[in-house]
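Q: File data-v4.cif follows (mmCIF, C-alpha atoms):
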```cif
data_entry
#
loop_
_atom_site.group_PDB
_atom_site.id
_atom_site.type_symbol
_atom_site.label_atom_id
_atom_site.label_comp_id
_atom_site.auth_asym_id
_atom_site.auth_seq_id
_atom_site.Cartn_x
_atom_site.Cartn_y
_atom_site.Cartn_z
ATOM 1 C CA MET A 1 28.830 16.328 -108.272
ATOM 2 C CA ARG A 2 32.237 14.698 -108.608
ATOM 3 C CA PRO A 3 32.013 11.272 -110.313
ATOM 4 C CA ASP A 4 34.797 9.748 -108.174
ATOM 5 C CA ARG A 5 32.967 10.424 -104.841
ATOM 6 C CA ALA A 6 29.799 8.669 -103.661
ATOM 7 C CA PRO A 7 27.037 10.982 -102.412
ATOM 8 C CA SER A 8 26.988 11.071 -98.631
ATOM 9 C CA THR A 9 24.663 13.772 -97.310
ATOM 10 C CA HIS A 10 20.863 13.606 -97.480
ATOM 11 C CA SER A 11 20.738 16.533 -99.896
ATOM 12 C CA GLU A 12 23.274 14.893 -102.224
ATOM 13 C CA VAL A 13 21.462 11.539 -102.135
ATOM 14 C CA CYS A 14 18.115 13.192 -102.810
ATOM 15 C CA SER A 15 19.465 15.289 -105.656
ATOM 16 C CA ILE A 16 17.710 14.504 -108.927
ATOM 17 C CA ASN A 17 21.159 14.115 -110.481
ATOM 18 C CA SER A 18 22.159 11.438 -107.977
ATOM 19 C CA PRO A 19 21.995 7.806 -109.094
ATOM 20 C CA LEU A 20 20.609 6.998 -105.590
ATOM 21 C CA TRP A 21 17.619 9.354 -105.750
ATOM 22 C CA TYR A 22 15.133 6.450 -105.778
ATOM 23 C CA ARG A 23 16.364 5.390 -102.308
ATOM 24 C CA CYS A 24 15.536 8.825 -100.944
ATOM 25 C CA VAL A 25 11.998 8.741 -102.323
ATOM 26 C CA ALA A 26 11.345 5.227 -101.049
ATOM 27 C CA GLY A 27 12.827 5.992 -97.646
ATOM 28 C CA ASP A 28 10.848 9.199 -97.199
ATOM 29 C CA PHE A 29 7.656 7.452 -98.271
ATOM 30 C CA VAL A 30 8.106 4.527 -95.864
ATOM 31 C CA THR A 31 9.224 6.720 -92.984
ATOM 32 C CA GLY A 32 6.466 9.224 -93.471
ATOM 33 C CA THR A 33 3.705 6.682 -94.012
ATOM 34 C CA LEU A 34 4.657 4.385 -91.152
ATOM 35 C CA GLY A 35 5.360 7.342 -88.882
ATOM 36 C CA ALA A 36 1.952 8.806 -89.541
ATOM 37 C CA PHE A 37 0.297 5.394 -89.127
ATOM 38 C CA MET A 38 2.037 4.720 -85.825
ATOM 39 C CA THR A 39 1.203 8.193 -84.546
ATOM 40 C CA ASP A 40 -2.436 7.874 -85.572
ATOM 41 C CA THR A 41 -2.837 4.474 -83.928
ATOM 42 C CA ALA A 42 -0.802 5.145 -80.792
ATOM 43 C CA ALA A 43 -2.470 8.466 -79.994
ATOM 44 C CA PRO A 44 -5.974 6.988 -79.585
ATOM 45 C CA ALA A 45 -4.540 4.191 -77.434
ATOM 46 C CA ARG A 46 -2.857 6.707 -75.162
ATOM 47 C CA GLY A 47 -6.022 8.760 -75.094
ATOM 48 C CA MET A 48 -8.080 5.692 -74.202
ATOM 49 C CA VAL A 49 -5.807 4.914 -71.259
ATOM 50 C CA ARG A 50 -6.100 8.520 -70.062
ATOM 51 C CA VAL A 51 -9.890 8.431 -70.295
ATOM 52 C CA GLU A 52 -10.060 5.085 -68.491
ATOM 53 C CA GLY A 53 -7.710 6.417 -65.823
ATOM 54 C CA ARG A 54 -9.843 9.492 -65.359
ATOM 55 C CA TYR A 55 -12.923 7.424 -64.583
ATOM 56 C CA PHE A 56 -11.194 4.572 -62.765
ATOM 57 C CA TYR A 57 -11.553 6.084 -59.287
ATOM 58 C CA PHE A 58 -15.165 7.047 -59.964
ATOM 59 C CA THR A 59 -15.915 3.462 -61.015
ATOM 60 C CA MET A 60 -14.200 2.146 -57.899
ATOM 61 C CA ALA A 61 -16.251 4.551 -55.765
ATOM 62 C CA LEU A 62 -19.456 3.158 -57.260
ATOM 63 C CA SER A 63 -18.199 -0.355 -56.500
ATOM 64 C CA PHE A 64 -17.513 0.572 -52.866
ATOM 65 C CA ALA A 65 -21.013 2.011 -52.462
ATOM 66 C CA ALA A 66 -22.576 -1.105 -53.992
ATOM 67 C CA ILE A 67 -20.579 -3.394 -51.690
ATOM 68 C CA ALA A 68 -21.445 -1.297 -48.638
ATOM 69 C CA PHE A 69 -25.164 -1.259 -49.426
ATOM 70 C CA VAL A 70 -25.555 -4.881 -50.517
ATOM 71 C CA GLY A 71 -23.322 -6.110 -47.710
ATOM 72 C CA PHE A 72 -25.564 -4.694 -45.001
ATOM 73 C CA VAL A 73 -28.846 -5.810 -46.593
ATOM 74 C CA PRO A 74 -29.224 -9.029 -44.550
ATOM 75 C CA THR A 75 -28.216 -7.524 -41.196
ATOM 76 C CA TYR A 76 -29.440 -3.930 -41.384
ATOM 77 C CA TRP A 77 -31.474 -2.807 -44.411
ATOM 78 C CA ALA A 78 -33.784 -5.840 -44.566
ATOM 79 C CA PRO A 79 -34.475 -5.917 -40.798
ATOM 80 C CA MET A 80 -35.046 -2.162 -40.887
ATOM 81 C CA ALA A 81 -37.584 -2.590 -43.691
ATOM 82 C CA LYS A 82 -39.359 -5.291 -41.686
ATOM 83 C CA GLY A 83 -39.241 -3.251 -38.494
ATOM 84 C CA THR A 84 -37.333 -5.982 -36.655
ATOM 85 C CA PHE A 85 -34.001 -4.219 -36.189
ATOM 86 C CA GLN A 86 -33.619 -3.140 -32.579
ATOM 87 C CA ALA A 87 -30.582 -1.087 -31.596
ATOM 88 C CA ALA A 88 -29.559 2.073 -29.793
ATOM 89 C CA PRO A 89 -29.707 5.337 -31.790
ATOM 90 C CA ALA A 90 -25.907 5.389 -31.929
ATOM 91 C CA TYR A 91 -25.956 2.350 -34.247
ATOM 92 C CA HIS A 92 -28.280 4.115 -36.686
ATOM 93 C CA LEU A 93 -26.177 7.265 -36.600
ATOM 94 C CA HIS A 94 -23.072 5.146 -37.175
ATOM 95 C CA GLY A 95 -24.650 3.604 -40.273
ATOM 96 C CA LEU A 96 -25.824 6.972 -41.571
ATOM 97 C CA ILE A 97 -22.373 8.550 -41.253
ATOM 98 C CA PHE A 98 -20.540 5.626 -42.827
ATOM 99 C CA PHE A 99 -22.922 5.364 -45.770
ATOM 100 C CA SER A 100 -22.796 9.139 -46.235
ATOM 101 C CA TRP A 101 -19.038 8.786 -46.593
ATOM 102 C CA THR A 102 -19.443 6.344 -49.476
ATOM 103 C CA LEU A 103 -21.776 8.790 -51.245
ATOM 104 C CA TYR A 104 -19.345 11.637 -50.583
ATOM 105 C CA PHE A 105 -16.526 9.555 -52.051
ATOM 106 C CA ILE A 106 -18.579 9.019 -55.203
ATOM 107 C CA PHE A 107 -19.197 12.762 -55.454
ATOM 108 C CA GLN A 108 -15.538 13.631 -54.986
ATOM 109 C CA THR A 109 -14.274 11.152 -57.564
ATOM 110 C CA TRP A 110 -16.928 12.345 -60.012
ATOM 111 C CA LEU A 111 -15.748 15.943 -59.574
ATOM 112 C CA VAL A 112 -12.193 14.945 -60.459
ATOM 113 C CA ALA A 113 -13.318 12.776 -63.376
ATOM 114 C CA SER A 114 -15.354 15.676 -64.787
ATOM 115 C CA GLY A 115 -12.428 18.081 -64.456
ATOM 116 C CA GLN A 116 -13.814 20.045 -61.488
ATOM 117 C CA THR A 117 -10.670 19.784 -59.397
ATOM 118 C CA ILE A 118 -11.078 23.182 -57.740
ATOM 119 C CA ARG A 119 -14.555 22.275 -56.523
ATOM 120 C CA HIS A 120 -13.221 18.916 -55.385
ATOM 121 C CA ARG A 121 -10.752 20.718 -53.135
ATOM 122 C CA SER A 122 -13.296 23.267 -51.925
ATOM 123 C CA VAL A 123 -15.517 20.575 -50.381
ATOM 124 C CA GLY A 124 -12.617 18.716 -48.822
ATOM 125 C CA LEU A 125 -13.468 19.954 -45.327
ATOM 126 C CA ILE A 126 -16.724 18.031 -45.526
ATOM 127 C CA GLY A 127 -14.701 14.869 -46.025
ATOM 128 C CA ILE A 128 -12.434 15.641 -43.082
ATOM 129 C CA SER A 129 -15.497 16.193 -40.880
ATOM 130 C CA LEU A 130 -17.128 12.972 -42.039
ATOM 131 C CA ALA A 131 -13.918 10.962 -41.583
ATOM 132 C CA THR A 132 -13.486 12.334 -38.050
ATOM 133 C CA ALA A 133 -17.073 11.394 -37.194
ATOM 134 C CA MET A 134 -16.522 7.927 -38.646
ATOM 135 C CA ILE A 135 -13.469 7.337 -36.470
ATOM 136 C CA PHE A 136 -15.351 8.472 -33.367
ATOM 137 C CA PHE A 137 -18.439 6.364 -34.059
ATOM 138 C CA GLY A 138 -16.360 3.397 -35.196
ATOM 139 C CA ILE A 139 -14.654 3.283 -31.810
ATOM 140 C CA LEU A 140 -17.909 4.035 -29.962
ATOM 141 C CA ILE A 141 -19.849 1.209 -31.625
ATOM 142 C CA SER A 142 -16.993 -1.202 -30.913
ATOM 143 C CA ILE A 143 -17.159 -0.303 -27.227
ATOM 144 C CA LEU A 144 -20.961 -0.473 -27.076
ATOM 145 C CA SER A 145 -20.938 -3.863 -28.789
ATOM 146 C CA VAL A 146 -18.502 -5.248 -26.210
ATOM 147 C CA ARG A 147 -20.685 -3.950 -23.399
ATOM 148 C CA ARG A 148 -23.797 -5.514 -24.982
ATOM 149 C CA ASP A 149 -22.115 -8.884 -25.470
ATOM 150 C CA THR A 150 -20.604 -8.798 -21.978
ATOM 151 C CA ILE A 151 -24.087 -8.408 -20.532
ATOM 152 C CA GLY A 152 -25.073 -11.437 -22.620
ATOM 153 C CA GLY A 153 -22.289 -13.491 -21.032
ATOM 154 C CA MET A 154 -19.845 -13.335 -23.961
ATOM 155 C CA GLY A 155 -17.418 -10.796 -22.551
ATOM 156 C CA GLU A 156 -14.150 -12.572 -23.311
ATOM 157 C CA ALA A 157 -15.149 -13.424 -26.891
ATOM 158 C CA ALA A 158 -16.346 -9.854 -27.421
ATOM 159 C CA ARG A 159 -13.120 -8.356 -26.120
ATOM 160 C CA THR A 160 -11.134 -10.693 -28.353
ATOM 161 C CA PHE A 161 -13.163 -9.826 -31.454
ATOM 162 C CA MET A 162 -12.935 -6.108 -30.664
ATOM 163 C CA ILE A 163 -9.558 -6.065 -32.384
ATOM 164 C CA VAL A 164 -11.274 -6.508 -35.760
ATOM 165 C CA PRO A 165 -13.333 -3.283 -35.970
ATOM 166 C CA LEU A 166 -10.685 -1.270 -34.142
ATOM 167 C CA THR A 167 -7.866 -2.242 -36.523
ATOM 168 C CA ASP A 168 -10.133 -1.525 -39.489
ATOM 169 C CA ILE A 169 -10.998 1.960 -38.288
ATOM 170 C CA ALA A 170 -7.381 2.569 -37.266
ATOM 171 C CA PHE A 171 -6.166 1.834 -40.796
ATOM 172 C CA PHE A 172 -8.902 4.049 -42.193
ATOM 173 C CA ALA A 173 -7.762 6.903 -39.932
ATOM 174 C CA VAL A 174 -4.091 6.442 -40.875
ATOM 175 C CA PHE A 175 -4.725 6.336 -44.626
ATOM 176 C CA VAL A 176 -7.032 9.366 -44.548
ATOM 177 C CA ALA A 177 -4.503 11.306 -42.457
ATOM 178 C CA LEU A 178 -1.701 10.416 -44.890
ATOM 179 C CA ALA A 179 -3.935 11.449 -47.793
ATOM 180 C CA MET A 180 -4.479 14.844 -46.168
ATOM 181 C CA ILE A 181 -0.738 15.247 -45.647
ATOM 182 C CA ASN A 182 -0.202 14.485 -49.348
ATOM 183 C CA LEU A 183 -2.868 16.820 -50.708
ATOM 184 C CA ARG A 184 -0.401 18.426 -53.118
ATOM 185 C CA ARG A 185 0.841 15.044 -54.349
ATOM 186 C CA ALA A 186 -2.200 13.949 -56.333
ATOM 187 C CA GLU A 187 -0.798 10.533 -57.264
ATOM 188 C CA TRP A 188 -0.299 9.691 -53.592
ATOM 189 C CA HIS A 189 -3.432 11.411 -52.314
ATOM 190 C CA LYS A 190 -5.918 9.593 -54.537
ATOM 191 C CA ARG A 191 -4.365 6.182 -53.917
ATOM 192 C CA LEU A 192 -4.308 6.685 -50.154
ATOM 193 C CA MET A 193 -7.989 7.618 -50.270
ATOM 194 C CA LEU A 194 -8.691 4.501 -52.294
ATOM 195 C CA LEU A 195 -6.878 2.396 -49.697
ATOM 196 C CA ALA A 196 -8.918 4.092 -46.959
ATOM 197 C CA MET A 197 -12.052 2.847 -48.723
ATOM 198 C CA ILE A 198 -10.698 -0.661 -49.298
ATOM 199 C CA VAL A 199 -9.968 -1.209 -45.590
ATOM 200 C CA LEU A 200 -13.642 -0.488 -44.826
ATOM 201 C CA MET A 201 -14.929 -3.153 -47.209
ATOM 202 C CA PRO A 202 -14.297 -6.291 -45.073
ATOM 203 C CA ALA A 203 -17.101 -5.182 -42.708
ATOM 204 C CA PRO A 204 -19.972 -5.298 -45.263
ATOM 205 C CA ILE A 205 -18.481 -8.346 -46.980
ATOM 206 C CA ALA A 206 -18.338 -10.150 -43.608
ATOM 207 C CA ARG A 207 -22.116 -9.764 -43.197
ATOM 208 C CA TRP A 208 -22.670 -12.103 -46.115
ATOM 209 C CA PHE A 209 -20.147 -14.576 -44.724
ATOM 210 C CA LEU A 210 -21.931 -14.585 -41.354
ATOM 211 C CA THR A 211 -25.392 -14.763 -42.903
ATOM 212 C CA PHE A 212 -24.845 -17.514 -45.459
ATOM 213 C CA LEU A 213 -21.701 -19.368 -44.399
ATOM 214 C CA ALA A 214 -21.862 -19.404 -40.603
ATOM 215 C CA PRO A 215 -22.748 -22.862 -39.228
ATOM 216 C CA PRO A 216 -26.149 -23.182 -37.506
ATOM 217 C CA GLY A 217 -25.897 -22.733 -33.784
ATOM 218 C CA GLY A 218 -22.502 -21.055 -34.033
ATOM 219 C CA PRO A 219 -21.257 -18.542 -31.459
ATOM 220 C CA ALA A 220 -22.964 -15.144 -31.408
ATOM 221 C CA VAL A 221 -19.530 -13.514 -31.353
ATOM 222 C CA PRO A 222 -17.370 -15.076 -34.081
ATOM 223 C CA PRO A 223 -13.650 -15.776 -33.660
ATOM 224 C CA VAL A 224 -11.184 -13.299 -35.133
ATOM 225 C CA SER A 225 -10.100 -15.801 -37.777
ATOM 226 C CA VAL A 226 -13.542 -15.517 -39.401
ATOM 227 C CA ALA A 227 -12.585 -12.012 -40.545
ATOM 228 C CA THR A 228 -9.811 -13.415 -42.761
ATOM 229 C CA GLY A 229 -12.170 -14.462 -45.568
ATOM 230 C CA PRO A 230 -13.734 -11.001 -46.002
ATOM 231 C CA VAL A 231 -10.249 -9.448 -45.964
ATOM 232 C CA VAL A 232 -9.164 -11.762 -48.780
ATOM 233 C CA VAL A 233 -12.240 -10.808 -50.829
ATOM 234 C CA ALA A 234 -11.679 -7.095 -50.160
ATOM 235 C CA SER A 235 -8.057 -7.537 -51.243
ATOM 236 C CA LEU A 236 -9.311 -8.228 -54.757
ATOM 237 C CA LEU A 237 -10.148 -4.524 -54.929
ATOM 238 C CA LEU A 238 -6.521 -3.749 -54.106
ATOM 239 C CA ILE A 239 -5.396 -6.127 -56.852
ATOM 240 C CA VAL A 240 -7.686 -4.342 -59.320
ATOM 241 C CA ALA A 241 -6.089 -1.011 -58.365
ATOM 242 C CA MET A 242 -2.582 -2.438 -58.748
ATOM 243 C CA LEU A 243 -3.429 -3.893 -62.155
ATOM 244 C CA HIS A 244 -4.749 -0.513 -63.233
ATOM 245 C CA ASP A 245 -1.446 1.038 -62.178
ATOM 246 C CA TRP A 246 0.440 -1.658 -64.051
ATOM 247 C CA ARG A 247 -1.439 -0.838 -67.222
ATOM 248 C CA SER A 248 -1.352 2.938 -66.914
ATOM 249 C CA ARG A 249 2.127 3.531 -65.458
ATOM 250 C CA GLY A 250 4.020 0.268 -65.894
ATOM 251 C CA ARG A 251 4.128 -0.748 -62.221
ATOM 252 C CA PRO A 252 2.022 -0.558 -59.035
ATOM 253 C CA HIS A 253 2.420 2.626 -57.016
ATOM 254 C CA ALA A 254 4.341 2.453 -53.738
ATOM 255 C CA VAL A 255 1.146 3.335 -51.823
ATOM 256 C CA TYR A 256 -0.433 0.057 -52.881
ATOM 257 C CA VAL A 257 2.707 -1.991 -52.358
ATOM 258 C CA TRP A 258 3.596 -0.718 -48.897
ATOM 259 C CA GLY A 259 0.210 0.410 -47.624
ATOM 260 C CA GLY A 260 -1.579 -2.665 -48.864
ATOM 261 C CA GLY A 261 1.210 -4.930 -47.663
ATOM 262 C CA VAL A 262 1.150 -3.533 -44.113
ATOM 263 C CA PHE A 263 -2.645 -3.738 -44.020
ATOM 264 C CA LEU A 264 -2.682 -7.406 -45.036
ATOM 265 C CA ALA A 265 0.120 -8.250 -42.605
ATOM 266 C CA VAL A 266 -1.720 -6.670 -39.667
ATOM 267 C CA MET A 267 -4.956 -8.412 -40.679
ATOM 268 C CA LEU A 268 -3.179 -11.742 -40.250
ATOM 269 C CA LEU A 269 -1.208 -10.793 -37.132
ATOM 270 C CA ARG A 270 -4.306 -9.660 -35.256
ATOM 271 C CA ILE A 271 -5.450 -13.297 -34.988
ATOM 272 C CA PRO A 272 -2.715 -14.321 -32.524
ATOM 273 C CA VAL A 273 -2.510 -10.855 -30.958
ATOM 274 C CA SER A 274 -6.222 -10.857 -30.040
ATOM 275 C CA THR A 275 -5.735 -13.632 -27.474
ATOM 276 C CA THR A 276 -2.729 -12.126 -25.705
ATOM 277 C CA PRO A 277 -3.068 -10.729 -22.167
ATOM 278 C CA ALA A 278 -1.904 -7.338 -23.461
ATOM 279 C CA TRP A 279 -4.773 -7.044 -25.933
ATOM 280 C CA GLN A 280 -7.286 -8.342 -23.414
ATOM 281 C CA ALA A 281 -6.148 -5.613 -21.014
ATOM 282 C CA ILE A 282 -6.528 -2.934 -23.702
ATOM 283 C CA ALA A 283 -9.985 -4.197 -24.684
ATOM 284 C CA THR A 284 -11.082 -4.344 -21.055
ATOM 285 C CA ALA A 285 -9.948 -0.766 -20.469
ATOM 286 C CA LEU A 286 -11.809 0.442 -23.558
ATOM 287 C CA ALA A 287 -14.955 -1.463 -22.608
ATOM 288 C CA ARG A 288 -14.980 0.285 -19.233
ATOM 289 C CA LEU A 289 -15.405 3.618 -21.021
ATOM 290 C CA ALA A 290 -19.001 2.594 -21.727
ATOM 291 C CA GLY A 291 -19.700 2.466 -18.001
#
```
Hey, can you dump this file as structure tokens for me?
A:
Amino acid sequence: MRPDRAPSTHSEVCSINSPLWYRCVAGDFVTGTLGAFMTDTAAPARGMVRVEGRYFYFTMALSFAAIAFVGFVPTYWAPMAKGTFQAAPAYHLHGLIFFSWTLYFIFQTWLVASGQTIRHRSVGLIGISLATAMIFFGILISILSVRRDTIGGMGEAARTFMIVPLTDIAFFAVFVALAMINLRRAEWHKRLMLLAMIVLMPAPIARWFLTFLAPPGGPAVPPVSVATGPVVVASLLLIVAMLHDWRSRGRPHAVYVWGGGVFLAVMLLRIPVSTTPAWQAIATALARLAG
């Protein structure tokens, strides 16, 4: 090496004859040690996030099933156990189909979490059949309830409140349909299905509001504004999903932002819309389908 020129390349610096060889050793030691340490600590963290993400939808499915079951305890399960629940067979079939959907959702999310994606897709037609039946019975029960309350002298209040179950089932239908359209886009599909479940949750949550928070002697058919509280509580599930996205991908997915935003906006707008002559005409026409 020429004495009048400072070593420049890595090989020259690391040469045993170079006066700067100690810098090379120290640098390689620090770089290698810290690099290995950072890799060893970051890899488990990334793996933990992946594992949590894999089971997130399964955990949410279990939460939905728990809310659905516990929510209907005071108005359906407990009266059924006591033998005091009196309703047409259509109401029982409605409950059976809707609760079967929650169990199916648990099964489907478990298949994905356990890596059985092919099987998850193979039983997808069962979900489409169940969702179709839910939409049909959701509309049917809404119509039958209006007819029942009209006979009891609460026709106008029943027609006004009809907007609540119909908008819920309409959002469910839209989100499931969009999920089917996006079958090949897994990130969209699974979030749309999660939203489809979230929009069903205000119904069981509302049962607890009506059972424990309704004033004594209140109207048999509640005003539409009463449904706002259960929607706010159900929205916490949407916030949980958005926070999970924030942690796993740095920001909430567009499905939650736009889909959730439209859902919440409609939930608020249906309060003034329910009293308009246009909605009353629609509700009256639907109620006539029951005969």
Q: Considering all atoms listed in the file, return as a PDB file with C-alpha atoms, keeping the file's coordinate frame whatever protein or nucleic-acid residues lie within 7 Å of range 207-223 of chain A, sequence-local ones (same chain, fewer than 6 positions apart) excluded.
A:
```pdb
ATOM      1  CA  GLY A  71     -23.322  -6.110 -47.710  1.00  0.00           C
ATOM      2  CA  PHE A  72     -25.564  -4.694 -45.001  1.00  0.00           C
ATOM      3  CA  THR A  75     -28.216  -7.524 -41.196  1.00  0.00           C
ATOM      4  CA  ALA A 157     -15.149 -13.424 -26.891  1.00  0.00           C
ATOM      5  CA  ALA A 158     -16.346  -9.854 -27.421  1.00  0.00           C
ATOM      6  CA  PHE A 161     -13.163  -9.826 -31.454  1.00  0.00           C
TER       7      PHE A 161
END
```
Q: Mind checking which residues fall within 12 Å of Arg270 in chain A, counting only C-alpha atoms, ignoring those fewer than 5 positions away in the same chain, and posting them as a list in words?
A: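 Result of the neighbour search: Thr160, Phe161, Met162, Ile163, Val164, Pro165, Leu166, Thr167, Asp168, Pro223, Val224, Ser225, Val226, Ala227, Thr228, Phe263, Leu264, Ala265, Thr275, Thr276 and Trp279 of chain A.
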Q: Export, as a PDB file, keeping the file's coordinate frame, the selected residues with C-alpha atoms.
A:
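That gives us out-v6.pdb:
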```
ATOM      1  CA  THR A 160     -11.134 -10.693 -28.353  1.00  0.00           C
ATOM      2  CA  PHE A 161     -13.163  -9.826 -31.454  1.00  0.00           C
ATOM      3  CA  MET A 162     -12.935  -6.108 -30.664  1.00  0.00           C
ATOM      4  CA  ILE A 163      -9.558  -6.065 -32.384  1.00  0.00           C
ATOM      5  CA  VAL A 164     -11.274  -6.508 -35.760  1.00  0.00           C
ATOM      6  CA  PRO A 165     -13.333  -3.283 -35.970  1.00  0.00           C
ATOM      7  CA  LEU A 166     -10.685  -1.270 -34.142  1.00  0.00           C
ATOM      8  CA  THR A 167      -7.866  -2.242 -36.523  1.00  0.00           C
ATOM      9  CA  ASP A 168     -10.133  -1.525 -39.489  1.00  0.00           C
ATOM     10  CA  PRO A 223     -13.650 -15.776 -33.660  1.00  0.00           C
ATOM     11  CA  VAL A 224     -11.184 -13.299 -35.133  1.00  0.00           C
ATOM     12  CA  SER A 225     -10.100 -15.801 -37.777  1.00  0.00           C
ATOM     13  CA  VAL A 226     -13.542 -15.517 -39.401  1.00  0.00           C
ATOM     14  CA  ALA A 227     -12.585 -12.012 -40.545  1.00  0.00           C
ATOM     15  CA  THR A 228      -9.811 -13.415 -42.761  1.00  0.00           C
ATOM     16  CA  PHE A 263      -2.645  -3.738 -44.020  1.00  0.00           C
ATOM     17  CA  LEU A 264      -2.682  -7.406 -45.036  1.00  0.00           C
ATOM     18  CA  ALA A 265       0.120  -8.250 -42.605  1.00  0.00           C
ATOM     19  CA  THR A 275      -5.735 -13.632 -27.474  1.00  0.00           C
ATOM     20  CA  THR A 276      -2.729 -12.126 -25.705  1.00  0.00           C
ATOM     21  CA  TRP A 279      -4.773  -7.044 -25.933  1.00  0.00           C
TER      22      TRP A 279
END
```
Q: Between CA of Ile67 in chain A and CA of Ala131 in chain A, measure the distance and give it in Å to one decimal.
A: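 Result for CA of Ile67 in chain A versus CA of Ala131 in chain A: 18.8 Å, one decimal.
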Q: Which residues match the PyMOL selection byres ((chain A and resi 238) around 12) in the file above, as JSON, numbers by chain?
A: {"A": [60, 64, 191, 192, 194, 195, 196, 197, 198, 199, 201, 231, 232, 233, 234, 235, 236, 237, 239, 240, 241, 242, 243, 244, 245, 252, 253, 255, 256, 257, 258, 259, 260, 261, 263, 264]}
Q: Can you turn the PyMOL selection byres ((chain A and resi 144) around 12) into a concrete residue list for this file, as a short mmCIF file (atom, residue, chain, number, x, y, z; two decimals) with C-alpha atoms, keeping the file's coordinate frame?
A:
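Below is the file selection.cif, written as the result:
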```cif
data_model
loop_
_atom_site.label_atom_id
_atom_site.label_comp_id
_atom_site.auth_asym_id
_atom_site.auth_seq_id
_atom_site.Cartn_x
_atom_site.Cartn_y
_atom_site.Cartn_z
CA ALA A 87 -30.58 -1.09 -31.60
CA ALA A 88 -29.56 2.07 -29.79
CA PRO A 89 -29.71 5.34 -31.79
CA ALA A 90 -25.91 5.39 -31.93
CA TYR A 91 -25.96 2.35 -34.25
CA HIS A 94 -23.07 5.15 -37.17
CA PHE A 137 -18.44 6.36 -34.06
CA GLY A 138 -16.36 3.40 -35.20
CA ILE A 139 -14.65 3.28 -31.81
CA LEU A 140 -17.91 4.04 -29.96
CA ILE A 141 -19.85 1.21 -31.62
CA SER A 142 -16.99 -1.20 -30.91
CA ILE A 143 -17.16 -0.30 -27.23
CA SER A 145 -20.94 -3.86 -28.79
CA VAL A 146 -18.50 -5.25 -26.21
CA ARG A 147 -20.68 -3.95 -23.40
CA ARG A 148 -23.80 -5.51 -24.98
CA ASP A 149 -22.12 -8.88 -25.47
CA THR A 150 -20.60 -8.80 -21.98
CA ILE A 151 -24.09 -8.41 -20.53
CA GLY A 155 -17.42 -10.80 -22.55
CA ALA A 158 -16.35 -9.85 -27.42
CA ARG A 159 -13.12 -8.36 -26.12
CA MET A 162 -12.94 -6.11 -30.66
CA ALA A 283 -9.98 -4.20 -24.68
CA LEU A 286 -11.81 0.44 -23.56
CA ALA A 287 -14.96 -1.46 -22.61
CA ARG A 288 -14.98 0.28 -19.23
CA LEU A 289 -15.40 3.62 -21.02
CA ALA A 290 -19.00 2.59 -21.73
CA GLY A 291 -19.70 2.47 -18.00
#
```
Q: Please report, as JSON, the centre and edge lengths in Å to one decimal of an axis-aligned box covering all listed atoms of range 137-150 of chain A with 8 Å per side.
A:
```
{"center_x": -19.2, "center_y": -1.3, "center_z": -28.6, "size_x": 25.1, "size_y": 31.2, "size_z": 29.2}
```
Q: Take CA of Thr109 in chain A and CA of Ala61 in chain A and report the distance between them in Å, one decimal.
A: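 CA of Ala61 in chain A lies at a distance of 7.1 Å from CA of Thr109 in chain A.
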